[in-house]
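Engineer: Sharing a structure, written as structure tokens. Questions coming.
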There are 2 protein chains.
Amino acid sequence: MTLAYHRPQSGPLRWREVDLLDYKRDSRASYRDVTRQVLFDDPALACQLRYFEVAPGGHTTLERHEHAHAVMIERGHGRCLIGDRVFDVAEHDLVHIPPLTWHQFRAAEEEALGFLCMVNAERDRPQLPTSDDLARLRETGIVAAFIAT
Amino acid sequence: MTLAYHRPQSGPLRWREVDLLDYKRDSRASYRDVTRQVLFDDPALACQLRYFEVAPGGHTTLERHEHAHAVMIERGHGRCLIGDRVFDVAEHDLVHIPPLTWHQFRAAEEEALGFLCMVNAERDRPQLPTSDDLARLRETGIVAAFIAT
């Protein structure tokens with residue numbers, strides 16, 4: 001996409017010439033009903049800004065990586081897992097995911113969850129949990145319930 | 001500020017433990033009624049994410065710098081100058097300011113203008129226009145009108 005000076009919103013959290021992408025190319029990753037739009041990917045900037053939208057009842061992949069995420073919720077509400085904690089999230093909430101911390105976002109059953117996510121342009125690939133990782137995560141009751149839903 | 005996993009919005013586009021800062025420390029810079037909040041400033045991330053709010057009728061400084069800006073409007077509407085062009089901007093519009101490009105944001109008279117701005121954590125200081133720069137900017141009618149308001 002070209003870097004226009006001004007790209008007006010063309011529909012609710014959609015923009016002309018910003019492609020609506022599949023969330024993941026990795027077919028092993030488990031997720032449901034998530035779209036991805038890359039809003040800014042500029043060689044002059046060391047980070048990218050992306051917009052993700054999780055349809056009602058959908059969820060992102062449970063994963064971790066060396067790079068950090070800086071997130072602002074833009075629409076709707078839902079919950080997110082970070083490490084061994086689960087948070088209710090809603091519009092304009094800020095979420096910070098430190099390096100190598102398991103995380104997952106889930107939209108509410110009745111409403112989509114949309115969020116901005118800032119990441120380093122140069123970053124490692126996400127890691128998926130092994131069965132050992134999953135067993136460890138399930139030792140915390142609230143985490144077991146979150147990843148089972 | 002500590003990097004909390006989850007920082008809920010505590011008021012409209014305000015967050016607990018995120019300080020409401022003066023827009024500029026440089027007293028030579030001309031601006032009116034602008035606040036700044038640094039939402040994410042994480043050594044693990046190569047960019048910062050800030051939220052600026054310009055009160056009704058207010059404006060940011062007319063400036064340029066080597067670093068680029070990636071902006072998403074979060075509330076209200078107004079106009080922005082980028083180079084020799086002026087754009088009307090409203091909620092969720094994307095604005096990209098390339099390196100060394102004069103720019104300024106103005107809120108509408110009746111409504112505040114709030115926007116997110118992603119910048120490299122390591123960046124140069126803004127440059128203010130010299131009288132020669134201002135004379136050149138005023139050669140374009142729409143720019144002359146914008147910076148005169």
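Ordering of the structure tokens sets the chain letters (A, B, ...); residue numbers start at 1 within each chain; ligands are numbered from 1 in the order shown.
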Show me, as an MDAnalysis selection string, the residues of chain B whose atoms get within 6 Å of chain A, using only C-alpha atoms for the distance check.
Structural biologist: chainID B and resid 5:9 45:47 92:96 120
Engineer: Restrict the selected residues to N, CA, C and O atoms and save them as a PDB file, in the first residue's frame.
Structural biologist:
ATOM      1  N   TYR B   5      -0.129  -4.807  32.909  1.00  0.00           N
ATOM      2  CA  TYR B   5      -0.720  -5.656  31.867  1.00  0.00           C
ATOM      3  C   TYR B   5      -1.961  -4.980  31.284  1.00  0.00           C
ATOM      4  O   TYR B   5      -2.174  -4.960  30.099  1.00  0.00           O
ATOM      5  N   HIS B   6      -2.793  -4.454  32.189  1.00  0.00           N
ATOM      6  CA  HIS B   6      -4.088  -3.912  31.777  1.00  0.00           C
ATOM      7  C   HIS B   6      -4.334  -2.586  32.477  1.00  0.00           C
ATOM      8  O   HIS B   6      -4.277  -2.513  33.698  1.00  0.00           O
ATOM      9  N   ARG B   7      -4.562  -1.541  31.674  1.00  0.00           N
ATOM     10  CA  ARG B   7      -4.829  -0.216  32.223  1.00  0.00           C
ATOM     11  C   ARG B   7      -6.182   0.226  31.649  1.00  0.00           C
ATOM     12  O   ARG B   7      -6.245   0.712  30.514  1.00  0.00           O
ATOM     13  N   PRO B   8      -7.276   0.039  32.420  1.00  0.00           N
ATOM     14  CA  PRO B   8      -8.594   0.401  31.886  1.00  0.00           C
ATOM     15  C   PRO B   8      -8.693   1.911  31.688  1.00  0.00           C
ATOM     16  O   PRO B   8      -8.046   2.679  32.388  1.00  0.00           O
ATOM     17  N   GLN B   9      -9.510   2.310  30.736  1.00  0.00           N
ATOM     18  CA  GLN B   9      -9.834   3.725  30.584  1.00  0.00           C
ATOM     19  C   GLN B   9     -10.528   4.175  31.876  1.00  0.00           C
ATOM     20  O   GLN B   9     -11.490   3.553  32.316  1.00  0.00           O
ATOM     21  N   LEU B  45      10.029  -1.996  23.018  1.00  0.00           N
ATOM     22  CA  LEU B  45       9.397  -1.528  21.780  1.00  0.00           C
ATOM     23  C   LEU B  45      10.189  -0.355  21.204  1.00  0.00           C
ATOM     24  O   LEU B  45      10.596   0.547  21.942  1.00  0.00           O
ATOM     25  N   ALA B  46      10.370  -0.357  19.889  1.00  0.00           N
ATOM     26  CA  ALA B  46      11.200   0.657  19.234  1.00  0.00           C
ATOM     27  C   ALA B  46      10.436   1.952  18.975  1.00  0.00           C
ATOM     28  O   ALA B  46      11.007   2.932  18.510  1.00  0.00           O
ATOM     29  N   CYS B  47       9.129   1.942  19.249  1.00  0.00           N
ATOM     30  CA  CYS B  47       8.324   3.155  19.104  1.00  0.00           C
ATOM     31  C   CYS B  47       7.585   3.457  20.403  1.00  0.00           C
ATOM     32  O   CYS B  47       7.423   2.577  21.254  1.00  0.00           O
ATOM     33  N   HIS B  92     -11.079   7.983  13.471  1.00  0.00           N
ATOM     34  CA  HIS B  92     -10.504   6.777  12.848  1.00  0.00           C
ATOM     35  C   HIS B  92      -9.788   7.048  11.527  1.00  0.00           C
ATOM     36  O   HIS B  92      -9.304   6.101  10.907  1.00  0.00           O
ATOM     37  N   ASP B  93      -9.722   8.300  11.102  1.00  0.00           N
ATOM     38  CA  ASP B  93      -8.897   8.602   9.924  1.00  0.00           C
ATOM     39  C   ASP B  93      -7.426   8.329  10.263  1.00  0.00           C
ATOM     40  O   ASP B  93      -6.990   8.503  11.418  1.00  0.00           O
ATOM     41  N   LEU B  94      -6.684   7.922   9.248  1.00  0.00           N
ATOM     42  CA  LEU B  94      -5.241   7.695   9.390  1.00  0.00           C
ATOM     43  C   LEU B  94      -4.493   8.855   8.744  1.00  0.00           C
ATOM     44  O   LEU B  94      -4.872   9.319   7.664  1.00  0.00           O
ATOM     45  N   VAL B  95      -3.439   9.308   9.398  1.00  0.00           N
ATOM     46  CA  VAL B  95      -2.636  10.425   8.892  1.00  0.00           C
ATOM     47  C   VAL B  95      -1.164  10.006   8.962  1.00  0.00           C
ATOM     48  O   VAL B  95      -0.705   9.510   9.999  1.00  0.00           O
ATOM     49  N   HIS B  96      -0.462  10.193   7.862  1.00  0.00           N
ATOM     50  CA  HIS B  96       0.966   9.845   7.822  1.00  0.00           C
ATOM     51  C   HIS B  96       1.776  11.092   7.497  1.00  0.00           C
ATOM     52  O   HIS B  96       1.527  11.750   6.484  1.00  0.00           O
ATOM     53  N   ASN B 120       9.124   6.839  16.483  1.00  0.00           N
ATOM     54  CA  ASN B 120      10.312   6.132  16.941  1.00  0.00           C
ATOM     55  C   ASN B 120      10.712   6.625  18.327  1.00  0.00           C
ATOM     56  O   ASN B 120      10.661   7.835  18.591  1.00  0.00           O
TER      57      ASN B 120
END
Engineer: Excluding same-chain residues fewer than 6 positions from range 17-25 of chain B, what lies within 9 Å of it counting only C-alpha atoms, as a JSON list (two decimals) with all heavy atoms, in the first residue's frame?
Structural biologist:
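Saved to part.json:
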[["chain", "number", "residue", "atom", "x", "y", "z"],
["B", 1, "MET", "N", 6.06, 5.66, 34.66],
["B", 1, "MET", "CA", 4.89, 4.83, 34.91],
["B", 1, "MET", "C", 5.27, 3.36, 34.77],
["B", 1, "MET", "O", 6.11, 3.00, 33.95],
["B", 1, "MET", "CB", 3.77, 5.24, 33.92],
["B", 1, "MET", "CG", 3.44, 4.25, 32.81],
["B", 1, "MET", "SD", 2.34, 5.01, 31.56],
["B", 1, "MET", "CE", 2.34, 3.70, 30.34],
["B", 2, "THR", "N", 4.68, 2.52, 35.58],
["B", 2, "THR", "CA", 4.93, 1.09, 35.46],
["B", 2, "THR", "C", 4.15, 0.55, 34.26],
["B", 2, "THR", "O", 3.17, 1.15, 33.83],
["B", 2, "THR", "CB", 4.46, 0.34, 36.72],
["B", 2, "THR", "OG1", 3.07, 0.66, 36.94],
["B", 2, "THR", "CG2", 5.26, 0.74, 37.93],
["B", 7, "ARG", "N", -4.56, -1.54, 31.67],
["B", 7, "ARG", "CA", -4.83, -0.22, 32.22],
["B", 7, "ARG", "C", -6.18, 0.23, 31.65],
["B", 7, "ARG", "O", -6.24, 0.71, 30.51],
["B", 7, "ARG", "CB", -3.71, 0.74, 31.81],
["B", 7, "ARG", "CG", -3.67, 2.02, 32.61],
["B", 7, "ARG", "CD", -2.53, 2.92, 32.17],
["B", 7, "ARG", "NE", -1.21, 2.32, 32.29],
["B", 7, "ARG", "CZ", -0.53, 2.23, 33.42],
["B", 7, "ARG", "NH1", -1.04, 2.69, 34.55],
["B", 7, "ARG", "NH2", 0.66, 1.68, 33.43],
["B", 31, "TYR", "N", 1.67, 27.08, 20.26],
["B", 31, "TYR", "CA", 0.59, 26.08, 20.23],
["B", 31, "TYR", "C", -0.48, 26.57, 21.17],
["B", 31, "TYR", "O", -0.28, 27.53, 21.92],
["B", 31, "TYR", "CB", 1.10, 24.69, 20.63],
["B", 31, "TYR", "CG", 1.62, 24.62, 22.04],
["B", 31, "TYR", "CD1", 0.79, 24.24, 23.10],
["B", 31, "TYR", "CD2", 2.94, 24.95, 22.33],
["B", 31, "TYR", "CE1", 1.28, 24.19, 24.39],
["B", 31, "TYR", "CE2", 3.43, 24.90, 23.61],
["B", 31, "TYR", "CZ", 2.58, 24.52, 24.64],
["B", 31, "TYR", "OH", 3.06, 24.47, 25.92],
["B", 33, "ASP", "N", -3.65, 25.00, 23.80],
["B", 33, "ASP", "CA", -4.62, 24.07, 24.38],
["B", 33, "ASP", "C", -4.42, 22.63, 23.91],
["B", 33, "ASP", "O", -5.32, 22.02, 23.34],
["B", 33, "ASP", "CB", -6.06, 24.53, 24.07],
["B", 33, "ASP", "CG", -6.35, 25.91, 24.64],
["B", 33, "ASP", "OD1", -5.73, 26.24, 25.67],
["B", 33, "ASP", "OD2", -7.16, 26.63, 24.07],
["B", 34, "VAL", "N", -3.22, 22.13, 24.14],
["B", 34, "VAL", "CA", -2.92, 20.75, 23.74],
["B", 34, "VAL", "C", -2.39, 19.99, 24.95],
["B", 34, "VAL", "O", -1.55, 20.52, 25.69],
["B", 34, "VAL", "CB", -1.86, 20.71, 22.61],
["B", 34, "VAL", "CG1", -1.67, 19.28, 22.10],
["B", 34, "VAL", "CG2", -2.24, 21.64, 21.46],
["B", 35, "THR", "N", -2.90, 18.77, 25.17],
["B", 35, "THR", "CA", -2.34, 17.90, 26.20],
["B", 35, "THR", "C", -1.73, 16.66, 25.54],
["B", 35, "THR", "O", -2.05, 16.31, 24.41],
["B", 35, "THR", "CB", -3.41, 17.43, 27.20],
["B", 35, "THR", "OG1", -4.42, 16.72, 26.49],
["B", 35, "THR", "CG2", -4.03, 18.61, 27.94],
["B", 36, "ARG", "N", -0.86, 16.01, 26.31],
["B", 36, "ARG", "CA", -0.09, 14.86, 25.80],
["B", 36, "ARG", "C", -0.12, 13.78, 26.87],
["B", 36, "ARG", "O", 0.10, 14.08, 28.05],
["B", 36, "ARG", "CB", 1.35, 15.33, 25.56],
["B", 36, "ARG", "CG", 2.34, 14.26, 25.21],
["B", 36, "ARG", "CD", 3.67, 14.88, 24.73],
["B", 36, "ARG", "NE", 4.31, 15.75, 25.73],
["B", 36, "ARG", "CZ", 5.29, 15.35, 26.55],
["B", 36, "ARG", "NH1", 5.78, 14.12, 26.48],
["B", 36, "ARG", "NH2", 5.80, 16.18, 27.43],
["B", 37, "GLN", "N", -0.39, 12.55, 26.48],
["B", 37, "GLN", "CA", -0.29, 11.41, 27.39],
["B", 37, "GLN", "C", 0.54, 10.34, 26.69],
["B", 37, "GLN", "O", 0.26, 10.00, 25.54],
["B", 37, "GLN", "CB", -1.67, 10.86, 27.73],
["B", 37, "GLN", "CG", -2.54, 11.85, 28.50],
["B", 37, "GLN", "CD", -3.95, 11.30, 28.77],
["B", 37, "GLN", "OE1", -4.16, 10.51, 29.68],
["B", 37, "GLN", "NE2", -4.90, 11.71, 27.96],
["B", 38, "VAL", "N", 1.55, 9.84, 27.39],
["B", 38, "VAL", "CA", 2.39, 8.80, 26.81],
["B", 38, "VAL", "C", 1.79, 7.45, 27.24],
["B", 38, "VAL", "O", 1.83, 7.09, 28.42],
["B", 38, "VAL", "CB", 3.86, 8.93, 27.29],
["B", 38, "VAL", "CG1", 4.71, 7.82, 26.67],
["B", 38, "VAL", "CG2", 4.41, 10.31, 26.91],
["B", 39, "LEU", "N", 1.21, 6.73, 26.27],
["B", 39, "LEU", "CA", 0.48, 5.50, 26.60],
["B", 39, "LEU", "C", 1.41, 4.30, 26.72],
["B", 39, "LEU", "O", 1.21, 3.45, 27.58],
["B", 39, "LEU", "CB", -0.58, 5.23, 25.52],
["B", 39, "LEU", "CG", -1.55, 6.39, 25.26],
["B", 39, "LEU", "CD1", -2.63, 5.94, 24.28],
["B", 39, "LEU", "CD2", -2.18, 6.89, 26.55],
["B", 52, "PHE", "N", -2.65, 12.66, 22.03],
["B", 52, "PHE", "CA", -2.71, 14.12, 22.11],
["B", 52, "PHE", "C", -4.15, 14.57, 22.03],
["B", 52, "PHE", "O", -4.95, 13.99, 21.29],
["B", 52, "PHE", "CB", -1.94, 14.75, 20.95],
["B", 52, "PHE", "CG", -0.46, 14.49, 21.00],
["B", 52, "PHE", "CD1", 0.09, 13.40, 20.35],
["B", 52, "PHE", "CD2", 0.39, 15.34, 21.70],
["B", 52, "PHE", "CE1", 1.45, 13.15, 20.40],
["B", 52, "PHE", "CE2", 1.75, 15.10, 21.75],
["B", 52, "PHE", "CZ", 2.29, 14.00, 21.11],
["B", 60, "THR", "N", -1.77, 22.42, 17.36],
["B", 60, "THR", "CA", -0.42, 21.98, 17.70],
["B", 60, "THR", "C", 0.59, 22.94, 17.05],
["B", 60, "THR", "O", 0.21, 23.85, 16.30],
["B", 60, "THR", "CB", -0.16, 20.54, 17.20],
["B", 60, "THR", "OG1", -0.27, 20.53, 15.78],
["B", 60, "THR", "CG2", -1.17, 19.56, 17.78],
["B", 61, "THR", "N", 1.86, 22.71, 17.33],
["B", 61, "THR", "CA", 2.92, 23.54, 16.77],
["B", 61, "THR", "C", 3.12, 23.24, 15.28],
["B", 61, "THR", "O", 3.07, 22.07, 14.88],
["B", 61, "THR", "CB", 4.23, 23.25, 17.52],
["B", 61, "THR", "OG1", 4.02, 23.49, 18.91],
["B", 61, "THR", "CG2", 5.37, 24.14, 17.04]]
Engineer: I'd like to know which residues of chain B are alpha helix (DSSP H) (by DSSP, run on the backbone); could you write them as a list of chain:residue names?
Structural biologist: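 DSSP on the backbone gives alpha helix (DSSP H) at B:Ser131, B:Asp132, B:Asp133, B:Leu134, B:Ala135, B:Arg136, B:Leu137, B:Gly141, B:Ile142, B:Val143, B:Ala144, B:Ala145, B:Phe146, B:Ile147, B:Ala148.
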Engineer: With C-alpha atoms retained, write the just-selected residues as a PDB file, in the first residue's frame.
Structural biologist:
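Result file is result33.pdb:
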ATOM      1  CA  SER B 131      10.825  33.507   8.639  1.00  0.00           C
ATOM      2  CA  ASP B 132      12.093  32.267   5.240  1.00  0.00           C
ATOM      3  CA  ASP B 133      10.290  28.943   5.762  1.00  0.00           C
ATOM      4  CA  LEU B 134       7.101  30.807   6.675  1.00  0.00           C
ATOM      5  CA  ALA B 135       7.365  32.998   3.580  1.00  0.00           C
ATOM      6  CA  ARG B 136       7.729  29.881   1.411  1.00  0.00           C
ATOM      7  CA  LEU B 137       4.778  28.172   3.131  1.00  0.00           C
ATOM      8  CA  GLY B 141      -2.855  30.096  -0.661  1.00  0.00           C
ATOM      9  CA  ILE B 142      -4.467  27.246   1.267  1.00  0.00           C
ATOM     10  CA  VAL B 143      -1.406  26.963   3.522  1.00  0.00           C
ATOM     11  CA  ALA B 144      -1.303  30.722   4.125  1.00  0.00           C
ATOM     12  CA  ALA B 145      -4.964  30.618   5.180  1.00  0.00           C
ATOM     13  CA  PHE B 146      -4.399  27.564   7.415  1.00  0.00           C
ATOM     14  CA  ILE B 147      -1.430  28.953   9.337  1.00  0.00           C
ATOM     15  CA  ALA B 148      -3.082  32.379   9.661  1.00  0.00           C
TER      16      ALA B 148
END
Engineer: Give me the residues of range 27-90 of chain A that have any atom at most 8 Å from an atom of range 106-113 of chain A; for each, the nearest atom pair and the distance in Å, rounded to one decimal. Use only C-alpha atoms, sort by chain and number, and format it as CSV.
Structural biologist:
residue,atom,partner,partner_atom,distance
A:Glu53,CA,A:Leu113,CA,5.7
A:Val54,CA,A:Leu113,CA,5.1
A:Ala55,CA,A:Ala112,CA,4.4
A:Pro56,CA,A:Ala112,CA,4.5
A:Gly57,CA,A:Glu109,CA,4.2
A:Gly58,CA,A:Ala107,CA,5.6
A:His59,CA,A:Arg106,CA,4.3
A:Thr60,CA,A:Arg106,CA,6.6
A:Ile73,CA,A:Leu113,CA,7.6
A:Glu74,CA,A:Leu113,CA,7.8
A:Arg75,CA,A:Leu113,CA,5.7
A:Gly76,CA,A:Leu113,CA,4.7
A:His77,CA,A:Leu113,CA,5.3
A:Gly78,CA,A:Ala107,CA,4.3
A:Arg79,CA,A:Arg106,CA,5.3
A:Cys80,CA,A:Arg106,CA,6.1
Engineer: Would you please extract all strand (DSSP E or B) residues from chain A, as assigned by DSSP on the backbone, and give them as a PyMOL selection string?
Structural biologist: chain A and resi 6-7+9-11+14-15+21-22+32-40+47-59+63-64+69-82+85-90+94-97+103-107+113-120+127
Engineer: Which one of B:Glu63, B:His103, B:Pro126, B:Thr149 sits closest to Asp84 in chain B if you count only C-alpha atoms?
Structural biologist: B:His103
